[in-house]
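Student: Structure supplied as run_0.csv; contents: CSV, C-alpha atoms.
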chain,number,residue,atom,x,y,z
A,1239,LEU,CA,7.4,-26.8,4.6
A,1240,ARG,CA,8.1,-23.2,5.7
A,1241,TYR,CA,5.9,-21.1,7.9
A,1242,GLY,CA,4.6,-18.0,6.2
A,1243,ALA,CA,6.0,-18.9,2.7
A,1244,ALA,CA,3.4,-18.0,0.1
A,1245,PHE,CA,4.8,-20.5,-2.5
A,1246,ALA,CA,5.1,-23.4,-0.1
A,1247,ASP,CA,3.1,-26.6,-0.9
A,1248,TYR,CA,1.5,-26.3,2.6
A,1249,GLN,CA,0.9,-23.6,5.1
A,1250,LEU,CA,1.3,-24.2,8.8
A,1251,VAL,CA,-1.3,-22.2,10.7
A,1252,ASN,CA,-1.4,-21.8,14.5
A,1253,ILE,CA,-5.1,-21.6,15.2
A,1254,ALA,CA,-4.5,-20.3,18.7
A,1255,ARG,CA,-2.4,-17.3,17.4
A,1256,ASP,CA,-3.4,-16.7,13.8
A,1257,ALA,CA,-7.0,-15.6,13.1
A,1258,LEU,CA,-8.8,-17.3,10.2
A,1259,PHE,CA,-11.7,-15.4,8.6
A,1260,PRO,CA,-14.1,-16.8,6.1
A,1261,LEU,CA,-14.1,-15.4,2.6
A,1262,PRO,CA,-17.3,-13.5,1.9
A,1263,ASP,CA,-19.4,-15.3,-0.8
A,1264,SER,CA,-19.6,-11.9,-2.6
A,1265,LEU,CA,-15.9,-11.8,-3.1
A,1266,SER,CA,-14.4,-13.6,-6.2
A,1267,TYR,CA,-11.0,-15.4,-6.0
A,1268,ASP,CA,-9.5,-12.7,-8.2
A,1269,GLU,CA,-10.6,-10.0,-5.7
A,1270,ALA,CA,-9.4,-12.2,-2.8
A,1271,THR,CA,-5.9,-12.2,-4.1
A,1272,PHE,CA,-5.6,-8.6,-2.9
A,1273,ILE,CA,-6.9,-9.3,0.7
A,1274,GLU,CA,-3.4,-9.7,2.1
A,1275,VAL,CA,-2.3,-6.4,0.7
A,1276,LEU,CA,-5.5,-4.7,1.9
A,1277,TRP,CA,-4.9,-6.2,5.3
A,1278,ALA,CA,-1.3,-5.0,5.4
A,1279,THR,CA,-2.1,-1.4,4.3
A,1280,SER,CA,-5.2,-1.1,6.4
A,1281,LEU,CA,-3.0,-1.5,9.5
A,1282,TYR,CA,-1.7,2.0,8.8
A,1283,MET,CA,-5.1,3.7,8.1
A,1284,PRO,CA,-5.7,4.8,11.7
A,1285,TYR,CA,-2.8,7.3,11.2
A,1286,ILE,CA,-4.8,9.1,8.5
A,1287,GLU,CA,-7.7,11.5,9.0
A,1288,PRO,CA,-10.3,12.6,6.4
A,1289,GLN,CA,-9.1,16.3,6.7
A,1290,ASP,CA,-5.4,15.5,6.2
A,1291,ARG,CA,-3.4,16.8,3.3
A,1292,VAL,CA,-1.9,13.5,2.1
A,1293,VAL,CA,1.1,12.8,-0.2
A,1294,LEU,CA,1.1,9.2,-1.4
A,1295,MET,CA,4.4,8.0,-2.9
A,1296,GLY,CA,4.3,4.8,-4.8
A,1297,LEU,CA,1.3,3.4,-6.8
A,1298,GLY,CA,2.0,-0.3,-6.9
A,1299,PRO,CA,-0.8,-2.7,-5.6
A,1300,SER,CA,-0.2,-1.5,-2.1
A,1301,GLY,CA,-0.1,2.2,-3.0
A,1302,THR,CA,-3.2,1.8,-5.1
A,1303,LEU,CA,-5.1,0.3,-2.1
A,1304,PHE,CA,-3.8,3.1,0.1
A,1305,LEU,CA,-5.3,5.5,-2.5
A,1306,GLU,CA,-8.7,3.8,-2.5
A,1307,GLN,CA,-8.8,3.6,1.3
A,1308,CYS,CA,-7.9,7.3,1.7
A,1309,LEU,CA,-10.7,8.2,-0.8
A,1310,GLY,CA,-13.0,5.8,1.1
A,1311,ILE,CA,-12.6,7.6,4.4
A,1312,GLY,CA,-13.2,11.0,2.8
A,1313,VAL,CA,-9.7,12.3,2.1
A,1314,ASN,CA,-10.0,15.0,-0.6
A,1315,LYS,CA,-6.6,16.6,-0.5
A,1316,LEU,CA,-4.4,14.0,-2.0
A,1317,ILE,CA,-1.3,14.0,-4.2
A,1318,CYS,CA,-0.2,10.7,-5.8
A,1319,ALA,CA,3.3,10.2,-7.1
A,1320,ASP,CA,5.0,7.5,-9.1
A,1321,GLN,CA,7.6,7.0,-11.8
A,1322,HIS,CA,5.3,5.2,-14.3
A,1323,ASP,CA,2.5,6.6,-16.3
A,1324,LEU,CA,0.5,3.3,-16.3
A,1325,ARG,CA,0.2,3.5,-12.6
A,1326,LEU,CA,-0.6,7.2,-12.6
A,1327,ASN,CA,-3.3,6.6,-15.2
A,1328,MET,CA,-4.8,3.9,-12.9
A,1329,ALA,CA,-4.8,6.3,-10.0
A,1330,ARG,CA,-6.7,8.9,-12.0
A,1331,ARG,CA,-9.2,6.3,-13.0
A,1332,LEU,CA,-9.8,5.4,-9.4
A,1333,GLY,CA,-10.4,9.0,-8.4
A,1334,ALA,CA,-7.0,10.7,-7.8
A,1335,THR,CA,-7.2,14.3,-9.0
A,1336,ILE,CA,-3.5,15.3,-8.6
A,1337,THR,CA,-0.9,12.9,-9.9
A,1338,VAL,CA,2.9,13.5,-10.3
A,1339,ASN,CA,5.3,11.6,-12.5
A,1340,THR,CA,8.5,12.0,-10.5
A,1341,GLN,CA,10.7,11.3,-13.5
A,1342,ARG,CA,9.4,14.5,-15.2
A,1343,GLU,CA,8.0,16.7,-12.4
A,1344,ASN,CA,9.2,18.0,-9.1
A,1345,LEU,CA,7.1,16.5,-6.4
A,1346,GLU,CA,8.3,18.8,-3.6
A,1347,ALA,CA,7.5,21.9,-5.7
A,1348,ILE,CA,4.0,20.6,-6.5
A,1349,VAL,CA,3.2,19.8,-2.9
A,1350,LYS,CA,4.4,23.3,-1.8
A,1351,GLU,CA,2.2,24.9,-4.6
A,1352,LYS,CA,-0.9,22.8,-3.8
A,1353,PHE,CA,-0.7,22.3,0.0
A,1354,GLY,CA,2.0,24.4,1.4
A,1355,GLU,CA,2.9,21.5,3.6
A,1356,ALA,CA,1.5,18.0,3.9
A,1357,ASP,CA,0.0,16.5,7.1
A,1358,VAL,CA,0.8,13.0,6.1
A,1359,CYS,CA,3.3,11.4,3.7
A,1360,ILE,CA,2.9,7.7,2.9
A,1361,ASP,CA,5.9,5.8,1.6
A,1362,ALA,CA,4.6,2.9,-0.5
A,1363,THR,CA,7.7,2.9,-2.7
A,1364,GLY,CA,10.2,0.7,-0.8
A,1365,ARG,CA,12.8,3.2,-1.7
A,1366,ASP,CA,14.8,5.7,0.3
A,1367,VAL,CA,12.4,8.6,0.2
A,1368,TYR,CA,12.2,9.4,3.9
A,1369,ASP,CA,14.2,12.6,3.7
A,1370,MET,CA,12.0,14.0,1.0
A,1371,GLY,CA,8.9,13.1,2.9
A,1372,ILE,CA,10.2,14.9,6.0
A,1373,ARG,CA,10.9,18.0,4.0
A,1374,MET,CA,7.3,18.0,2.6
A,1375,LEU,CA,5.7,17.6,6.0
A,1376,ARG,CA,4.4,20.3,8.3
A,1377,PRO,CA,5.7,20.4,11.9
A,1378,ASP,CA,4.3,17.4,13.8
A,1379,GLY,CA,3.4,15.8,10.5
A,1380,LYS,CA,3.2,12.0,10.1
A,1381,MET,CA,5.6,9.9,8.0
A,1382,VAL,CA,3.8,6.6,7.3
A,1383,LEU,CA,6.5,4.0,6.8
A,1384,TYR,CA,4.9,1.2,4.8
A,1385,GLY,CA,7.5,0.6,2.1
A,1386,VAL,CA,10.7,-0.7,3.7
A,1387,PRO,CA,13.8,-0.2,1.6
A,1388,ASP,CA,16.6,-2.7,1.7
A,1389,GLY,CA,19.8,-1.6,3.5
A,1390,GLU,CA,20.4,1.8,5.1
A,1391,VAL,CA,18.0,4.8,5.0
A,1392,ARG,CA,19.5,8.3,5.2
A,1393,PHE,CA,17.5,11.3,6.3
A,1394,ASN,CA,18.1,14.6,8.1
A,1395,GLY,CA,17.6,13.6,11.7
A,1396,THR,CA,18.1,17.2,12.9
A,1397,LEU,CA,15.2,18.4,10.7
A,1398,ALA,CA,13.0,15.6,11.7
A,1399,PHE,CA,13.8,16.3,15.4
A,1400,PHE,CA,13.0,20.0,15.3
A,1401,LYS,CA,9.9,19.5,13.1
A,1402,GLY,CA,8.7,16.8,15.5
A,1403,THR,CA,8.1,14.4,12.6
A,1404,ARG,CA,6.1,11.4,13.8
A,1405,PHE,CA,7.3,8.1,12.2
A,1406,CYS,CA,4.3,5.8,11.9
A,1407,ILE,CA,5.0,2.1,11.6
A,1408,ARG,CA,3.2,-1.2,11.8
A,1409,PRO,CA,2.3,-2.3,15.4
A,1410,HIS,CA,4.8,-4.9,16.5
A,1411,ASP,CA,2.0,-7.0,17.9
A,1412,PHE,CA,-0.3,-6.7,14.9
A,1413,LYS,CA,-1.5,-10.3,15.2
A,1414,ARG,CA,-2.9,-9.7,18.7
A,1415,PRO,CA,-6.6,-9.4,19.1
A,1416,ARG,CA,-6.5,-5.7,20.1
A,1417,ILE,CA,-5.0,-4.9,16.7
A,1418,LEU,CA,-6.3,-7.7,14.6
A,1419,GLU,CA,-10.0,-7.4,15.4
A,1420,PRO,CA,-10.5,-3.7,14.7
A,1421,ASN,CA,-8.3,-3.9,11.7
A,1422,PHE,CA,-10.4,-6.8,10.3
A,1423,ALA,CA,-13.6,-4.8,11.1
A,1424,ARG,CA,-12.2,-1.8,9.2
A,1425,MET,CA,-11.3,-3.9,6.3
A,1426,ARG,CA,-14.6,-5.8,6.3
A,1427,GLY,CA,-16.4,-2.5,6.3
A,1428,MET,CA,-14.6,-1.5,3.1
A,1429,LEU,CA,-15.4,-4.8,1.5
A,1430,ASP,CA,-19.1,-4.6,2.5
A,1431,LYS,CA,-19.4,-1.2,1.0
A,1432,ARG,CA,-17.8,-2.4,-2.3
A,1433,CYS,CA,-15.8,0.8,-2.5
A,1434,LEU,CA,-12.6,-1.0,-3.6
A,1435,ASP,CA,-11.9,-1.8,-7.2
A,1436,PHE,CA,-9.7,-4.8,-6.9
A,1437,THR,CA,-9.9,-6.2,-10.4
A,1438,GLY,CA,-9.1,-2.8,-11.9
A,1439,HIS,CA,-5.6,-3.3,-10.6
A,1440,VAL,CA,-5.0,-6.4,-12.7
A,1441,THR,CA,-2.9,-5.9,-15.8
A,1442,HIS,CA,-1.6,-9.5,-16.4
A,1443,ARG,CA,-2.5,-13.1,-15.8
A,1444,PHE,CA,-0.3,-16.1,-15.9
A,1445,PRO,CA,-0.9,-19.9,-15.4
A,1446,LEU,CA,0.9,-21.5,-12.5
A,1447,GLU,CA,3.6,-23.0,-14.6
A,1448,ARG,CA,4.7,-19.5,-15.7
A,1449,THR,CA,5.1,-18.2,-12.1
A,1450,GLU,CA,8.8,-17.4,-12.6
A,1451,GLU,CA,8.0,-15.3,-15.7
A,1452,ALA,CA,5.3,-13.4,-13.8
A,1453,ILE,CA,7.7,-12.6,-11.0
A,1454,ARG,CA,10.4,-11.5,-13.4
A,1455,LEU,CA,7.9,-9.2,-15.2
A,1456,ALA,CA,7.0,-7.5,-11.9
A,1457,ILE,CA,10.7,-7.0,-10.9
A,1458,GLU,CA,12.2,-6.1,-14.2
A,1459,GLN,CA,9.4,-4.2,-16.0
A,1460,PRO,CA,7.3,-2.4,-13.3
A,1461,GLU,CA,6.4,0.3,-15.8
A,1462,LYS,CA,4.4,-2.4,-17.8
A,1463,CYS,CA,2.4,-4.0,-15.0
A,1464,LEU,CA,0.5,-3.4,-11.8
A,1465,GLY,CA,-1.5,-6.4,-10.4
A,1466,ILE,CA,-0.5,-9.8,-11.6
A,1467,ILE,CA,-2.6,-12.8,-11.0
A,1468,ILE,CA,-1.2,-16.4,-11.1
A,1469,GLU,CA,-4.1,-18.7,-11.9
A,1470,VAL,CA,-4.0,-22.0,-10.1
A,1471,GLY,CA,-7.5,-23.4,-10.9
A,1472,GLU,CA,-10.9,-22.4,-11.8
A,1473,SER,CA,-12.0,-18.9,-10.9
A,1474,ARG,CA,-15.0,-18.3,-8.6
Please, can you express the file's structure as structure tokens?
Tutor:
Amino acid sequence: LRYGAAFADYQLVNIARDALFPLPDSLSYDEATFIEVLWATSLYMPYIEPQDRVVLMGLGPSGTLFLEQCLGIGVNKLICADQHDLRLNMARRLGATITVNTQRENLEAIVKEKFGEADVCIDATGRDVYDMGIRMLRPDGKMVLYGVPDGEVRFNGTLAFFKGTRFCIRPHDFKRPRILEPNFARMRGMLDKRCLDFTGHVTHRFPLERTEEAIRLAIEQPEKCLGIIIEVGESR
């Protein structure tokens, strides 16, 4: 038994500290698998305004939900970047109009051509892209740090200092009512409007006994997959 472990046989929940919310009847179990990712990404949405010029780096399940939430609040100046065509094609299907394959195209050059400078850069890659993000931002721009790379991150601190770059991170007390309740209300609003296409993210399904294979696919062949569902029982 481990607290917070998704693959543990049991989950230890502290009712006094951890809020529990009922699953809406209108939400299928497939859709509900993305609730945790929606919850985590929506914590960062207060940093983004509808009028912002946004650069979104990384279009995995988290990045895709950032895309849908940005579109949902009215952002219409948005550039999405990833290394894999499958994910870029998914972004275009969901409404992205400018997509960049960073293996073939120069993201910084395209941002300069389309925006001049960005107001917000969202890192949903989990890679060391902070320095590039800072270069693309306007003075006093926002670097939204959702993807957390392993190990050291290197960036030009002098440039960030003189540009006044704002590093936007998850609130440390994100489970407290002052953060939890408005975030849930924001998330529930998106769900009630049915403006999020959860099942469109799903590219693969595996039975429970093939969990290891599913995880291996996600790690070793990200160009071939996006959302992967491990089916435990009957779907709702």
Student: So the first atom is atom CA of Lys1401 of chain A and the second is atom CA of Val1358 of chain A; what is the distance between them in Å, to one decimal place?
Tutor: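 According to the coordinates, atom CA of Lys1401 of chain A and atom CA of Val1358 of chain A are separated by 13.2 Å.
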Student: Please indicate the distance in Å from atom CA of Ala1334 of chain A to atom CA of Thr1279 of chain A, rounded to one decimal place.
Tutor: 17.8 Å
Student: I want to know what sits within 10 Å of Cys1433 of chain A, based on only C-alpha atoms, with residues of the same chain fewer than 3 positions away left out; could you give that as a list in words?
Tutor: Glu1306, Gln1307, Leu1309, Gly1310, Gly1427, Met1428, Leu1429, Asp1430 and Phe1436 of chain A
Student: Any chance you could export the current selection's C-alpha atoms as a compact mmCIF listing (two decimals), in the coordinates of the input?
Tutor:
# COMPACT_ATOMS: atom_id res chain seq x y z
CA GLU A 1306 -8.70 3.80 -2.50
CA GLN A 1307 -8.80 3.60 1.30
CA LEU A 1309 -10.70 8.20 -0.80
CA GLY A 1310 -13.00 5.80 1.10
CA GLY A 1427 -16.40 -2.50 6.30
CA MET A 1428 -14.60 -1.50 3.10
CA LEU A 1429 -15.40 -4.80 1.50
CA ASP A 1430 -19.10 -4.60 2.50
CA PHE A 1436 -9.70 -4.80 -6.90
Student: With 12 Å as the cut-off and only C-alpha atoms counted, what is the closest atom pair between each nearby residue of segment 1344-1450 of chain A and segment 1318-1326 of chain A? Distances in Å to one decimal, ordered by chain and number, as CSV.
Tutor:
residue,atom,partner,partner_atom,distance
A:Asn1344,CA,A:Ala1319,CA,10.0
A:Leu1345,CA,A:Ala1319,CA,7.4
A:Glu1346,CA,A:Ala1319,CA,10.5
A:Ile1348,CA,A:Ala1319,CA,10.4
A:Val1349,CA,A:Cys1318,CA,10.1
A:Cys1359,CA,A:Cys1318,CA,10.1
A:Ile1360,CA,A:Cys1318,CA,9.7
A:Asp1361,CA,A:Ala1319,CA,10.1
A:Ala1362,CA,A:Asp1320,CA,9.8
A:Thr1363,CA,A:Asp1320,CA,8.3
A:Gly1364,CA,A:Asp1320,CA,11.9
A:Arg1365,CA,A:Asp1320,CA,11.6
A:Val1367,CA,A:Ala1319,CA,11.8
A:Gly1371,CA,A:Ala1319,CA,11.8
A:Gly1438,CA,A:Arg1325,CA,11.3
A:His1439,CA,A:Arg1325,CA,9.2
A:Val1440,CA,A:Arg1325,CA,11.2
A:Thr1441,CA,A:Leu1324,CA,9.8
Student: Can you work out which one of A:Val1470, A:Ala1456, A:Ile1407, A:Ile1311 has the shortest atom-to-atom distance to Val1386 of chain A, counting all atoms listed in the file?
Tutor: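 Closest candidate: A:Ile1407.
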Student: Looking at all atoms listed in the file, which of A:Leu1418, A:Ile1372, A:Ile1273, A:Met1381 is the one that sits closest to Phe1400 of chain A?
Tutor: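 Ranking A:Leu1418, A:Ile1372, A:Ile1273, A:Met1381 by distance to Phe1400 of chain A, first place goes to A:Ile1372.
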Student: Can you pull out the residues contacting Val1391 of chain A? Cut-off 12 Å, using all atoms listed in the file, and skip same-chain residues under 3 positions away; I want them as an NGL selection string.
Tutor: :A and (1364-1370 or 1383 or 1385-1388 or 1394-1395)
Student: Please produce an output containing C-alpha atoms for each residue in the selection, written as a tab-separated table (two decimals), in the frame of the given file.
Tutor:
chain	number	residue	atom	x	y	z
A	1364	GLY	CA	10.20	0.70	-0.80
A	1365	ARG	CA	12.80	3.20	-1.70
A	1366	ASP	CA	14.80	5.70	0.30
A	1367	VAL	CA	12.40	8.60	0.20
A	1368	TYR	CA	12.20	9.40	3.90
A	1369	ASP	CA	14.20	12.60	3.70
A	1370	MET	CA	12.00	14.00	1.00
A	1383	LEU	CA	6.50	4.00	6.80
A	1385	GLY	CA	7.50	0.60	2.10
A	1386	VAL	CA	10.70	-0.70	3.70
A	1387	PRO	CA	13.80	-0.20	1.60
A	1388	ASP	CA	16.60	-2.70	1.70
A	1394	ASN	CA	18.10	14.60	8.10
A	1395	GLY	CA	17.60	13.60	11.70
Student: At a cut-off of 10 Å, using all atoms listed in the file, what residues contact Leu1303 of chain A? Leave out same-chain residues fewer than 2 positions from it and give the result as a list in words.
Tutor: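 Contacts, in chain order: Phe1272, Val1275, Leu1276, Trp1277, Ala1278, Thr1279, Ser1280, Leu1297, Gly1298, Pro1299, Ser1300, Gly1301, Leu1305, Glu1306, Gln1307, Cys1308, Leu1309, Ala1329, Leu1434, Asp1435, Phe1436 and His1439 of chain A.
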Student: Check the smallest atom-to-atom distance from each of A:Pro1288, A:Pro1460, A:Pro1377, A:Gly1465 to Thr1271 of chain A using all atoms listed in the file, then report the winner.
Tutor: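 Using all atoms listed in the file, the shortest distance to Thr1271 of chain A belongs to A:Gly1465.
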Student: Just the residues within 6 Å of Arg1291 of chain A, please, counting only C-alpha atoms, with nothing from its chain fewer than 2 positions along; format it as a list in words.
Tutor: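 After dropping sequence-adjacent residues, the list is Lys1315, Ala1356 and Asp1357 of chain A.
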Student: Grab the atom CA of Val1313 of chain A to atom CA of Ala1398 of chain A distance for me, in Å with one decimal place.
Tutor: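 Interatomic distance, atom CA of Val1313 of chain A to atom CA of Ala1398 of chain A: 24.9 Å.
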Student: Between A:Pro1284, A:Gly1296, A:Gly1389, A:Pro1420, which residue has the minimum interatomic distance to Arg1408 of chain A, considering only C-alpha atoms?
Tutor: A:Pro1284
